[in-house]
>>> print(open('work36.txt').read())   # compact mmCIF, C-alpha atoms
# COMPACT_ATOMS: atom_id res chain seq x y z
CA MET O 153 151.95 71.78 217.03
CA ILE O 154 153.21 69.40 219.74
CA LEU O 155 151.64 69.18 223.18
CA GLU O 156 154.55 70.81 225.00
CA ASP O 157 154.24 73.90 222.78
CA ILE O 158 150.50 74.11 223.41
CA TYR O 159 151.21 73.81 227.13
CA LYS O 160 153.58 76.78 226.99
CA ILE O 161 150.79 78.83 225.43
CA TYR O 162 148.38 77.57 228.10
CA GLN O 163 150.81 78.66 230.83
CA GLN O 164 150.62 82.19 229.42
CA TYR O 165 146.84 82.04 229.05
CA PRO O 166 145.57 79.52 231.63
CA GLN O 167 141.89 80.07 230.97
CA VAL O 168 140.16 77.54 228.73
CA SER O 169 136.69 77.60 227.19
CA THR O 170 134.65 75.38 224.88
CA ASP O 171 131.75 77.84 224.67
CA THR O 172 131.96 81.17 222.81
CA ARG O 173 129.21 82.51 225.07
CA LYS O 174 131.69 82.37 227.96
CA ILE O 175 134.76 83.76 226.22
CA GLU O 176 136.80 86.30 228.17
CA ALA O 177 139.92 88.16 227.16
CA GLY O 178 142.98 85.90 227.19
CA THR O 179 141.03 82.65 226.83
CA ILE O 180 142.07 79.66 224.74
CA PHE O 181 139.03 78.38 222.84
CA PHE O 182 138.84 74.64 222.14
CA ALA O 183 136.56 74.02 219.16
CA LEU O 184 134.87 70.78 220.19
CA LYS O 185 132.47 68.93 217.89
CA GLY O 186 129.29 67.05 218.72
CA PRO O 187 126.33 65.44 216.96
CA ASN O 188 124.58 68.79 216.63
CA PHE O 189 127.37 71.37 216.68
CA ASN O 190 130.83 72.09 215.31
CA GLY O 191 133.01 74.40 217.36
CA ASN O 192 135.34 74.93 214.40
CA GLU O 193 132.63 77.12 212.89
CA PHE O 194 132.93 79.52 215.84
CA ALA O 195 136.73 79.80 215.95
CA GLU O 196 136.90 83.12 214.10
CA ARG O 197 134.12 84.53 216.26
CA ALA O 198 135.95 83.43 219.42
CA LEU O 199 139.01 85.47 218.40
CA GLU O 200 136.84 88.48 217.59
CA ILE O 201 135.33 88.52 221.08
CA GLY O 202 138.55 88.15 223.02
CA ALA O 203 140.02 84.66 222.77
CA GLU O 204 143.82 84.72 222.56
CA TYR O 205 144.10 81.42 220.67
CA VAL O 206 141.72 78.88 219.14
CA VAL O 207 142.37 75.14 218.87
CA ILE O 208 140.76 73.61 215.77
CA ASP O 209 140.94 70.32 213.86
CA GLN O 210 139.44 71.16 210.46
CA PRO O 211 141.79 72.95 208.02
CA GLU O 212 139.02 74.77 206.16
CA TYR O 213 138.40 76.95 209.23
CA LYS O 214 142.04 78.00 209.65
CA LYS O 215 142.93 81.59 208.78
CA GLU O 216 146.37 83.05 208.13
CA SER O 217 147.07 83.81 211.75
CA GLU O 218 149.30 82.38 214.47
CA LYS O 219 146.25 82.49 216.73
CA TYR O 220 144.98 79.27 215.13
CA ILE O 221 146.38 76.05 216.63
CA MET O 222 145.79 73.15 214.27
CA VAL O 223 145.55 69.66 215.84
CA ASP O 224 144.38 66.20 214.76
CA ASP O 225 141.51 66.11 217.25
CA VAL O 226 140.45 68.92 219.58
CA LEU O 227 138.91 66.70 222.29
CA THR O 228 141.97 64.46 222.50
CA THR O 229 144.20 67.52 222.68
CA LEU O 230 142.09 68.97 225.52
CA GLN O 231 142.33 65.69 227.43
CA ASN O 232 146.07 65.32 226.83
CA LEU O 233 146.70 68.92 227.87
CA ALA O 234 144.77 68.37 231.12
CA SER O 235 146.70 65.17 231.80
CA TYR O 236 150.03 66.90 231.15
CA HIS O 237 149.02 69.75 233.46
CA ARG O 238 147.93 67.40 236.24
CA LYS O 239 151.38 65.76 236.17
CA GLN O 240 152.92 69.07 237.25
CA PHE O 241 151.29 68.82 240.70
CA ASN O 242 152.33 66.55 243.55
CA ILE O 243 149.16 66.88 245.60
CA PRO O 244 146.41 64.50 246.78
CA VAL O 245 143.89 63.98 243.98
CA LEU O 246 140.67 62.25 245.05
CA GLY O 247 138.55 60.63 242.35
CA ILE O 248 134.88 60.09 243.15
CA THR O 249 132.38 57.99 241.27
CA GLY O 250 129.22 56.02 242.09
CA THR O 251 125.64 55.51 241.05
CA ASN O 252 124.01 57.67 243.72
CA GLY O 253 125.22 60.55 245.83
CA LYS O 254 128.53 61.32 244.13
CA THR O 255 127.81 65.03 243.61
CA THR O 256 126.39 65.51 247.12
CA THR O 257 129.33 63.60 248.59
CA LYS O 258 131.80 65.63 246.52
CA GLU O 259 130.25 68.86 247.79
CA LEU O 260 130.35 67.63 251.40
CA ILE O 261 133.98 66.58 251.04
CA LYS O 262 134.85 69.99 249.61
CA VAL O 263 133.26 71.99 252.44
CA VAL O 264 135.02 69.77 254.99
CA LEU O 265 138.45 69.95 253.35
CA ASP O 266 138.01 73.69 252.73
CA LYS O 267 138.38 74.13 256.49
CA LYS O 268 142.08 73.33 256.24
CA TYR O 269 143.11 73.33 252.58
CA ASN O 270 142.79 75.23 249.33
CA VAL O 271 140.64 72.74 247.40
CA LEU O 272 139.90 72.44 243.70
CA ALA O 273 136.66 70.53 243.20
CA THR O 274 134.47 69.69 240.24
CA GLU O 275 131.87 72.39 239.72
CA GLY O 276 128.30 71.18 239.36
CA ASN O 277 128.32 67.93 237.43
CA PHE O 278 131.27 68.61 235.11
CA ASN O 279 132.17 64.95 235.51
CA ASN O 280 132.51 63.57 231.98
CA HIS O 281 135.24 63.30 229.31
CA ILE O 282 134.99 67.06 228.71
CA GLY O 283 134.18 68.35 232.20
CA VAL O 284 137.01 66.51 233.95
CA PRO O 285 139.75 67.98 231.71
CA LEU O 286 138.24 71.45 232.07
CA THR O 287 138.31 71.04 235.85
CA LEU O 288 141.92 69.84 235.91
CA LEU O 289 142.99 72.81 233.80
CA LYS O 290 141.87 75.06 236.68
CA LEU O 291 144.54 73.58 238.95
CA ASN O 292 147.09 76.16 240.07
CA SER O 293 149.97 76.42 242.52
CA LYS O 294 147.68 77.55 245.35
CA HIS O 295 145.66 74.33 245.36
CA GLN O 296 146.59 71.73 247.98
CA ILE O 297 144.00 69.03 247.19
CA ALA O 298 141.83 68.25 244.17
CA VAL O 299 138.46 66.48 244.38
CA ILE O 300 137.39 65.23 240.95
CA GLU O 301 133.96 63.75 240.29
CA MET O 302 133.80 61.11 237.56
CA GLY O 303 130.58 60.07 235.86
CA ALA O 304 130.10 57.29 233.33
CA ASN O 305 127.41 55.73 231.18
CA HIS O 306 129.52 53.04 229.50
CA GLN O 307 132.46 50.80 230.32
CA GLY O 308 135.93 52.25 229.87
CA GLU O 309 134.87 55.81 230.67
CA ILE O 310 136.06 55.79 234.29
CA ASP O 311 139.32 54.22 233.14
CA LEU O 312 139.80 57.05 230.62
CA LEU O 313 139.06 59.70 233.24
CA CYS O 314 141.52 58.05 235.63
CA LYS O 315 144.21 58.04 232.96
CA ILE O 316 143.66 61.78 232.56
CA THR O 317 143.34 62.55 236.29
CA GLU O 318 145.77 60.06 237.85
CA PRO O 319 143.97 60.03 241.22
CA ASN O 320 145.95 58.74 244.19
CA PHE O 321 142.84 58.55 246.40
CA GLY O 322 139.46 57.12 245.42
CA LEU O 323 135.88 56.75 246.57
CA ILE O 324 132.96 54.85 245.06
CA THR O 325 129.79 55.97 246.85
CA ASN O 326 127.78 52.89 245.80
CA ILE O 327 126.92 50.83 242.73
CA GLY O 328 123.32 50.61 241.56
CA LYS O 329 121.23 50.09 238.47
CA ALA O 330 121.70 53.21 236.37
CA HIS O 331 122.62 53.78 232.71
CA LEU O 332 121.90 50.10 232.06
CA GLU O 333 121.40 51.00 228.41
CA GLY O 334 125.09 51.84 228.11
CA PHE O 335 126.51 49.30 230.57
CA GLY O 336 124.42 46.37 229.33
CA SER O 337 123.74 44.88 232.76
CA TYR O 338 124.19 45.45 236.48
CA GLN O 339 127.46 43.50 236.31
CA GLY O 340 128.50 45.91 233.60
CA VAL O 341 127.92 48.80 236.02
CA ILE O 342 130.02 47.05 238.68
CA ASP O 343 132.87 46.42 236.24
CA ALA O 344 132.80 50.05 235.09
CA LYS O 345 132.87 51.58 238.56
CA LYS O 346 135.61 49.13 239.63
CA GLU O 347 137.85 50.80 237.06
CA LEU O 348 138.47 53.51 239.68
CA TYR O 349 139.68 50.94 242.24
CA ASP O 350 141.85 49.25 239.61
CA ASN O 351 143.58 52.53 238.75
CA ILE O 352 144.10 53.49 242.40
CA ASN O 353 145.42 50.01 243.17
CA SER O 354 148.02 50.34 240.41
CA SER O 355 149.28 53.58 241.94
CA ALA O 356 152.26 53.22 244.28
CA ASP O 357 150.67 55.39 246.97
CA GLY O 358 146.99 54.80 246.15
CA ILE O 359 144.37 54.66 248.92
CA VAL O 360 140.62 54.06 248.64
CA PHE O 361 137.86 55.00 251.08
CA ILE O 362 135.25 52.24 251.35
CA ASN O 363 131.76 52.07 252.81
CA ASN O 364 132.10 48.84 254.77
CA GLU O 365 128.30 48.43 254.88
CA ASP O 366 128.22 47.91 251.12
CA GLU O 367 128.65 44.25 250.22
CA VAL O 368 129.48 44.96 246.58
CA LEU O 369 132.17 47.50 247.46
CA ARG O 370 133.66 45.13 250.03
CA SER O 371 133.76 42.39 247.43
CA ILE O 372 135.44 44.31 244.62
CA SER O 373 137.99 45.86 247.00
CA ALA O 374 138.85 42.56 248.72
CA GLY O 375 142.33 42.33 247.21
CA MET O 376 143.29 45.89 248.08
CA SER O 377 145.48 46.55 251.12
CA ALA O 378 145.54 50.35 251.14
CA LYS O 379 142.00 51.23 252.19
CA ILE O 380 140.26 53.32 254.81
CA THR O 381 136.81 52.12 255.91
CA TYR O 382 133.71 53.79 257.27
CA GLY O 383 130.30 52.48 258.27
CA LYS O 384 127.75 51.96 261.01
CA ARG O 385 129.31 48.93 262.72
CA ASP O 386 132.46 48.32 264.73
CA GLY O 387 135.74 47.43 263.08
CA VAL O 388 135.97 50.44 260.75
CA ASP O 389 138.21 53.50 260.76
CA LEU O 390 135.21 55.79 261.17
CA ARG O 391 131.95 54.59 262.68
CA GLY O 392 128.74 56.59 262.55
CA GLU O 393 125.25 56.22 263.96
CA LEU O 394 122.03 57.91 262.87
CA THR O 395 120.49 59.29 266.06
CA GLU O 396 117.68 61.40 264.59
CA ASN O 397 115.77 61.70 261.31
CA ASN O 398 112.95 64.17 261.83
CA PRO O 399 113.22 65.31 259.07
CA CYS O 400 116.89 66.40 259.13
CA LEU O 401 119.61 63.94 260.02
CA LYS O 402 121.52 64.00 263.27
CA ILE O 403 124.50 61.69 263.46
CA LYS O 404 127.07 60.59 266.01
CA TYR O 405 130.51 59.45 264.93
CA GLU O 406 133.80 58.28 266.35
CA SER O 407 137.03 57.94 264.44
CA SER O 408 140.41 56.27 264.80
CA TYR O 409 141.81 59.70 263.93
CA SER O 410 140.22 61.50 266.90
CA VAL O 411 139.18 60.97 270.53
CA GLY O 412 135.62 60.53 271.79
CA GLU O 413 132.21 60.83 270.13
CA ASN O 414 131.09 63.74 268.00
CA ILE O 415 127.57 64.93 267.16
CA ILE O 416 126.54 66.58 263.87
CA GLU O 417 123.10 68.16 263.42
CA THR O 418 122.72 68.46 259.67
CA GLN O 419 120.36 70.33 257.35
CA MET O 420 120.02 67.24 255.17
CA ILE O 421 117.09 64.85 254.87
CA GLY O 422 116.92 61.18 253.92
CA SER O 423 118.69 58.39 255.78
CA TYR O 424 120.31 57.52 252.43
CA ASN O 425 122.43 60.66 252.90
CA MET O 426 124.00 59.10 256.00
CA ASP O 427 126.59 57.28 253.87
CA ASN O 428 127.43 60.48 251.97
CA ILE O 429 128.02 62.33 255.23
CA LEU O 430 130.15 59.54 256.71
CA ALA O 431 132.30 59.47 253.57
CA ALA O 432 133.01 63.19 253.89
CA VAL O 433 133.69 62.95 257.62
CA CYS O 434 136.00 59.96 257.09
CA ILE O 435 137.98 61.71 254.36
CA GLY O 436 138.18 64.92 256.40
CA SER O 437 139.41 62.96 259.42
CA TYR O 438 142.04 61.15 257.34
CA PHE O 439 143.36 64.48 256.06
CA GLU O 440 143.52 65.77 259.65
CA VAL O 441 140.73 68.31 259.59
CA ASN O 442 139.82 68.72 263.25
CA ASP O 443 136.44 67.54 264.49
CA GLU O 444 135.16 71.02 265.32
CA ASP O 445 135.72 72.13 261.75
CA ILE O 446 134.22 68.93 260.30
CA ILE O 447 131.11 69.37 262.44
CA GLU O 448 130.75 73.03 261.47
CA ALA O 449 131.21 72.32 257.76
CA VAL O 450 128.66 69.49 257.58
CA SER O 451 126.18 71.28 259.86
CA ASN O 452 126.17 74.34 257.61
CA TYR O 453 125.86 72.44 254.32
CA ILE O 454 122.51 72.92 252.58
CA PRO O 455 121.74 70.80 249.49
CA GLY O 456 120.87 72.71 246.33
CA ASN O 457 120.27 72.23 242.62
CA ASN O 458 117.11 70.12 243.01
CA ARG O 459 118.92 67.50 245.11
CA SER O 460 116.89 66.53 248.20
CA GLN O 461 115.93 70.16 248.74
CA ILE O 462 113.30 70.96 251.35
CA ILE O 463 111.02 73.70 250.09
CA LYS O 464 108.23 75.28 252.14
CA GLN O 465 105.45 76.38 249.83
CA GLY O 466 102.30 77.64 251.53
CA SER O 467 101.18 74.96 253.97
CA ASN O 468 103.09 72.25 252.08
CA THR O 469 106.57 70.83 252.58
CA ILE O 470 108.12 69.71 249.29
CA ILE O 471 111.08 67.34 249.01
CA LEU O 472 112.46 68.23 245.59
CA ASP O 473 114.81 65.55 244.27
CA ALA O 474 114.40 66.10 240.55
CA TYR O 475 118.04 66.24 239.46
CA ASN O 476 118.45 62.53 238.83
CA ALA O 477 116.74 59.18 239.35
CA ASN O 478 117.53 55.51 239.03
CA PRO O 479 115.90 52.40 240.54
CA VAL O 480 117.96 52.42 243.75
CA SER O 481 117.57 56.12 244.55
CA MET O 482 113.88 56.00 243.62
CA GLU O 483 113.12 53.12 245.97
CA LEU O 484 115.12 54.69 248.80
CA ALA O 485 113.25 57.99 248.47
CA ILE O 486 109.84 56.25 248.44
CA ALA O 487 110.73 54.20 251.52
CA GLU O 488 112.07 57.27 253.33
CA LEU O 489 108.78 59.15 252.99
CA GLY O 490 106.67 56.02 253.41
CA ASN O 491 108.29 55.20 256.76
CA SER O 492 108.23 58.77 258.07
CA ASN O 493 105.73 59.88 260.71
CA VAL O 494 104.47 62.94 258.82
CA GLU O 495 100.84 63.19 257.74
CA ASN O 496 99.34 63.67 254.28
CA LYS O 497 102.14 62.10 252.24
CA ILE O 498 102.09 62.64 248.47
CA VAL O 499 104.49 61.08 245.96
CA ILE O 500 105.10 62.39 242.43
CA LEU O 501 107.50 60.27 240.39
CA GLY O 502 108.81 60.81 236.86
CA ASP O 503 110.34 58.38 234.40
CA MET O 504 113.87 57.03 234.89
CA PHE O 505 115.98 57.33 231.74
CA GLU O 506 118.80 55.28 230.15
CA LEU O 507 117.64 51.88 231.42
CA GLY O 508 117.51 50.30 227.98
CA ASP O 509 115.94 46.84 227.80
CA TYR O 510 115.51 46.85 231.59
CA SER O 511 113.30 49.95 231.61
CA SER O 512 109.86 48.32 231.91
CA GLU O 513 111.10 45.84 234.51
CA GLU O 514 112.68 48.53 236.68
CA HIS O 515 109.72 50.92 236.41
CA LEU O 516 107.40 48.07 237.41
CA LYS O 517 109.57 47.37 240.47
CA VAL O 518 109.23 51.02 241.51
CA VAL O 519 105.44 50.80 241.17
CA ASP O 520 105.50 47.66 243.33
CA VAL O 521 107.49 49.51 246.00
CA LEU O 522 105.08 52.43 245.79
CA ASN O 523 102.14 50.10 246.39
CA ARG O 524 103.63 48.89 249.68
CA TYR O 525 103.02 52.23 251.36
CA GLU O 526 99.89 54.19 252.15
CA PHE O 527 100.20 57.58 250.53
CA GLN O 528 97.42 60.13 250.41
CA LYS O 529 98.09 60.49 246.71
CA SER O 530 100.49 58.87 244.22
CA ILE O 531 101.19 60.43 240.83
CA LEU O 532 103.31 58.91 238.07
CA VAL O 533 104.58 61.01 235.17
CA GLY O 534 105.93 59.75 231.85
CA GLU O 535 105.48 57.17 229.16
CA GLU O 536 107.67 54.53 230.82
CA PHE O 537 105.54 54.52 233.95
CA GLY O 538 102.49 54.60 231.69
CA SER O 539 103.42 51.17 230.34
CA VAL O 540 103.42 49.47 233.78
CA LEU O 541 100.26 50.76 235.46
CA THR O 542 98.66 47.37 236.15
CA GLY O 543 97.79 47.29 239.84
CA PHE O 544 98.48 50.99 240.30
CA SER O 545 95.54 52.95 241.72
CA GLY O 546 96.97 56.46 241.62
CA GLU O 547 97.08 59.08 238.87
CA HIS O 548 99.20 59.01 235.73
CA PHE O 549 100.16 61.75 233.26
CA ASN O 550 102.08 61.22 230.03
CA ASP O 551 104.31 64.25 230.53
CA THR O 552 105.19 67.02 232.95
CA GLU O 553 102.99 69.57 231.19
CA SER O 554 99.93 67.35 231.63
CA ALA O 555 100.86 66.76 235.25
CA MET O 556 101.01 70.52 235.81
CA GLU O 557 97.47 70.89 234.48
CA GLY O 558 96.29 68.09 236.73
CA LEU O 559 97.93 69.60 239.81
CA ARG O 560 96.49 73.04 239.08
CA SER O 561 92.99 71.56 239.13
CA SER O 562 93.46 70.02 242.58
CA LYS O 563 94.18 71.85 245.81
CA ILE O 564 96.97 70.37 247.92
CA GLU O 565 97.32 71.63 251.47
CA ASN O 566 99.16 70.64 254.65
CA SER O 567 101.03 67.87 252.83
CA THR O 568 104.56 66.53 252.52
CA ILE O 569 105.29 65.99 248.83
CA LEU O 570 108.14 64.00 247.30
CA ILE O 571 108.97 65.01 243.72
CA LYS O 572 111.56 62.76 242.06
CA GLY O 573 112.46 61.87 238.49
CA SER O 574 115.23 61.94 235.92
CA ARG O 575 116.67 65.30 234.89
CA GLY O 576 115.02 65.20 231.48
CA MET O 577 111.54 65.07 233.03
CA LYS O 578 112.01 68.60 234.48
CA LEU O 579 109.72 67.82 237.40
CA GLU O 580 110.87 70.96 239.21
CA GLU O 581 108.44 72.80 236.95
CA LEU O 582 105.61 71.22 238.96
CA LEU O 583 106.38 73.60 241.84
CA GLU O 584 104.47 76.30 239.99
CA ALA O 585 101.32 74.17 240.01
CA ILE O 586 101.34 73.26 243.71
CA LYS O 587 99.51 75.93 245.62
>>> encode(input="work36.txt", output="structure tokens")
Amino acid sequence: MILEDIYKIYQQYPQVSTDTRKIEAGTIFFALKGPNFNGNEFAERALEIGAEYVVIDQPEYKKESEKYIMVDDVLTTLQNLASYHRKQFNIPVLGITGTNGKTTTKELIKVVLDKKYNVLATEGNFNNHIGVPLTLLKLNSKHQIAVIEMGANHQGEIDLLCKITEPNFGLITNIGKAHLEGFGSYQGVIDAKKELYDNINSSADGIVFINNEDEVLRSISAGMSAKITYGKRDGVDLRGELTENNPCLKIKYESSYSVGENIIETQMIGSYNMDNILAAVCIGSYFEVNDEDIIEAVSNYIPGNNRSQIIKQGSNTIILDAYNANPVSMELAIAELGNSNVENKIVILGDMFELGDYSSEEHLKVVDVLNRYEFQKSILVGEEFGSVLTGFSGEHFNDTESAMEGLRSSKIENSTILIKGSRGMKLEELLEAIK
């Protein structure tokens, strides 16, 4: 069946699923395959529980029914369908990528733009070769702007997502050392993220938003003429200043799109979130959201999903940042707490994943940063940290379960505790052990 015919079916049944546990009546089920699963095996079941059609790519699972759509490759068909659908809309599409802060920035941008527009935005972290098509297939005639997050762990992935999404606006939050295993080197990360700029630059009406404080971003965007800048110094389209960090951020900004200075009292911690906020304010200003609405949107935003969450537990204040970790975000978080004026500071760090041959080197650098500050207690969790303990005087546990046992045996009171590690470490489970 050709793509145009599949699209006609999709227009009748514009709800797509790749998971039979989430099938609703009228859904089209795409039978994706992976290393440990084969969606083709569930095609018949999907129809039984309400799917209108199933898209499969293995003939042995096809029954004598028009409800089966046979294709060469289900994933490619899903991506092509999303790309075809996106072409039906002449609206601003903003692509976001970066090493740190892309999900937080995407959420901030959405709440700001929501003040004036009907916005489609990536849900959670549906930012890969499957999540991006699924997001685009939610576009409908009511949407006025789309904000699409793009993640990558190897070169060429951002380029693929751009070919599917065709963004005409772009933002790279920053470029740091993450997924080095897939990218091969830091330069590999830079080249991969730059794929977004390259795609925007090739668009006739493409515009990028650039953090002018970031030397790498300035460098790789040097040849681009259509760019909007933000930062902390003069000479940018939107300039911001951090006026308070105790513990929540208070910022002042002025923009070429508005008159006078504006103050935002946020519910966000960590000076590293300043750039994320400025990006959202800059983009909101460009799209003519008025300052009162921008201020209200950012002021009311509360981080969730284990991302820089402030949790009060008994007499303790816990900074839970256990959704993701890489060398840059780890060092920033350590410095943020280390330089704060709170008492009884405790740091609990878990392994950083997907660093490949650079893993030991980068974990050792984090330990070196940790040793620069005076913390009441420092705890490292994981085998990677376990291999670089020379010169470290704190506690170490091989896994999160062992760390929980250790924390249960010690009483922590009246402390500010940073908990940060890669998603796979599941450090949020340590909350149960901190009394």
>>> closest_residue(input="work36.txt", among="O:Ile362, O:Leu348, O:Val411, O:Leu260", to="O:Val450", atoms="all atoms listed in the file")
O:Leu260
>>> closest_residue(input="work36.txt", among="O:His515, O:His295, O:Arg459, O:Lys529", to="O:Asn496", atoms="all atoms listed in the file")
O:Lys529
>>> residues_around(input="work36.txt", residues="O:Glu553", least_positions_apart="3", cutoff="12 Å", atoms="all atoms listed in the file", output="list in words")
Gly502, Val533, Gly534, Phe549, Asn550, Met556, Glu557, Gly558, Leu559, Arg560, Met577, Lys578, Leu579, Glu580, Glu581, Leu582, Leu583, Glu584 and Ala585 of chain O
>>> closest_residue(input="work36.txt", among="O:Glu200, O:Glu526, O:Asp357, O:Asp427", to="O:Gly490", atoms="only C-alpha atoms")
O:Glu526
>>> closest_residue(input="work36.txt", among="O:His281, O:Lys219, O:Lys563, O:Lys517", to="O:Leu184", atoms="only C-alpha atoms")
O:His281
>>> build_atoms(input="work36.txt", residues="stretch 463-482 of chain O", atoms="N, CA and C atoms", output="mmCIF file, in the coordinates of the input")
data_model
loop_
_atom_site.group_PDB
_atom_site.id
_atom_site.type_symbol
_atom_site.label_atom_id
_atom_site.label_comp_id
_atom_site.auth_asym_id
_atom_site.auth_seq_id
_atom_site.Cartn_x
_atom_site.Cartn_y
_atom_site.Cartn_z
ATOM 1 N N ILE O 463 111.603 72.423 250.474
ATOM 2 C CA ILE O 463 111.020 73.700 250.090
ATOM 3 C C ILE O 463 109.675 73.864 250.795
ATOM 4 N N LYS O 464 109.510 74.952 251.499
ATOM 5 C CA LYS O 464 108.230 75.280 252.140
ATOM 6 C C LYS O 464 107.435 76.135 251.161
ATOM 7 N N GLN O 465 106.280 75.663 250.783
ATOM 8 C CA GLN O 465 105.450 76.380 249.830
ATOM 9 C C GLN O 465 104.019 76.398 250.353
ATOM 10 N N GLY O 466 103.620 77.560 250.877
ATOM 11 C CA GLY O 466 102.300 77.640 251.530
ATOM 12 C C GLY O 466 102.291 76.727 252.744
ATOM 13 N N SER O 467 101.282 75.893 252.835
ATOM 14 C CA SER O 467 101.180 74.960 253.970
ATOM 15 C C SER O 467 101.872 73.632 253.667
ATOM 16 N N ASN O 468 102.481 73.512 252.494
ATOM 17 C CA ASN O 468 103.090 72.250 252.080
ATOM 18 C C ASN O 468 104.607 72.238 252.285
ATOM 19 N N THR O 469 105.135 71.054 252.543
ATOM 20 C CA THR O 469 106.570 70.830 252.580
ATOM 21 C C THR O 469 106.920 69.941 251.391
ATOM 22 N N ILE O 470 107.787 70.441 250.513
ATOM 23 C CA ILE O 470 108.120 69.710 249.290
ATOM 24 C C ILE O 470 109.565 69.213 249.363
ATOM 25 N N ILE O 471 109.741 67.926 249.120
ATOM 26 C CA ILE O 471 111.080 67.340 249.010
ATOM 27 C C ILE O 471 111.369 67.242 247.517
ATOM 28 N N LEU O 472 112.180 68.167 247.018
ATOM 29 C CA LEU O 472 112.460 68.230 245.590
ATOM 30 C C LEU O 472 113.761 67.490 245.298
ATOM 31 N N ASP O 473 113.645 66.367 244.604
ATOM 32 C CA ASP O 473 114.810 65.550 244.270
ATOM 33 C C ASP O 473 114.719 65.208 242.782
ATOM 34 N N ALA O 474 114.696 66.259 241.974
ATOM 35 C CA ALA O 474 114.400 66.100 240.550
ATOM 36 C C ALA O 474 115.632 66.223 239.673
ATOM 37 N N TYR O 475 116.831 66.112 240.271
ATOM 38 C CA TYR O 475 118.040 66.240 239.460
ATOM 39 C C TYR O 475 118.376 64.933 238.745
ATOM 40 N N ASN O 476 118.100 63.815 239.428
ATOM 41 C CA ASN O 476 118.450 62.530 238.830
ATOM 42 C C ASN O 476 117.613 61.439 239.472
ATOM 43 N N ALA O 477 117.495 60.307 238.795
ATOM 44 C CA ALA O 477 116.740 59.180 239.350
ATOM 45 C C ALA O 477 117.182 57.886 238.691
ATOM 46 N N ASN O 478 117.292 56.863 239.505
ATOM 47 C CA ASN O 478 117.530 55.510 239.030
ATOM 48 C C ASN O 478 116.798 54.576 240.000
ATOM 49 N N PRO O 479 116.703 53.288 239.693
ATOM 50 C CA PRO O 479 115.900 52.400 240.540
ATOM 51 C C PRO O 479 116.263 52.425 242.021
ATOM 52 N N VAL O 480 117.555 52.449 242.340
ATOM 53 C CA VAL O 480 117.960 52.420 243.750
ATOM 54 C C VAL O 480 117.546 53.701 244.459
ATOM 55 N N SER O 481 117.892 54.849 243.885
ATOM 56 C CA SER O 481 117.570 56.120 244.550
ATOM 57 C C SER O 481 116.066 56.336 244.630
ATOM 58 N N MET O 482 115.333 55.864 243.624
ATOM 59 C CA MET O 482 113.880 56.000 243.620
ATOM 60 C C MET O 482 113.261 55.210 244.770
#
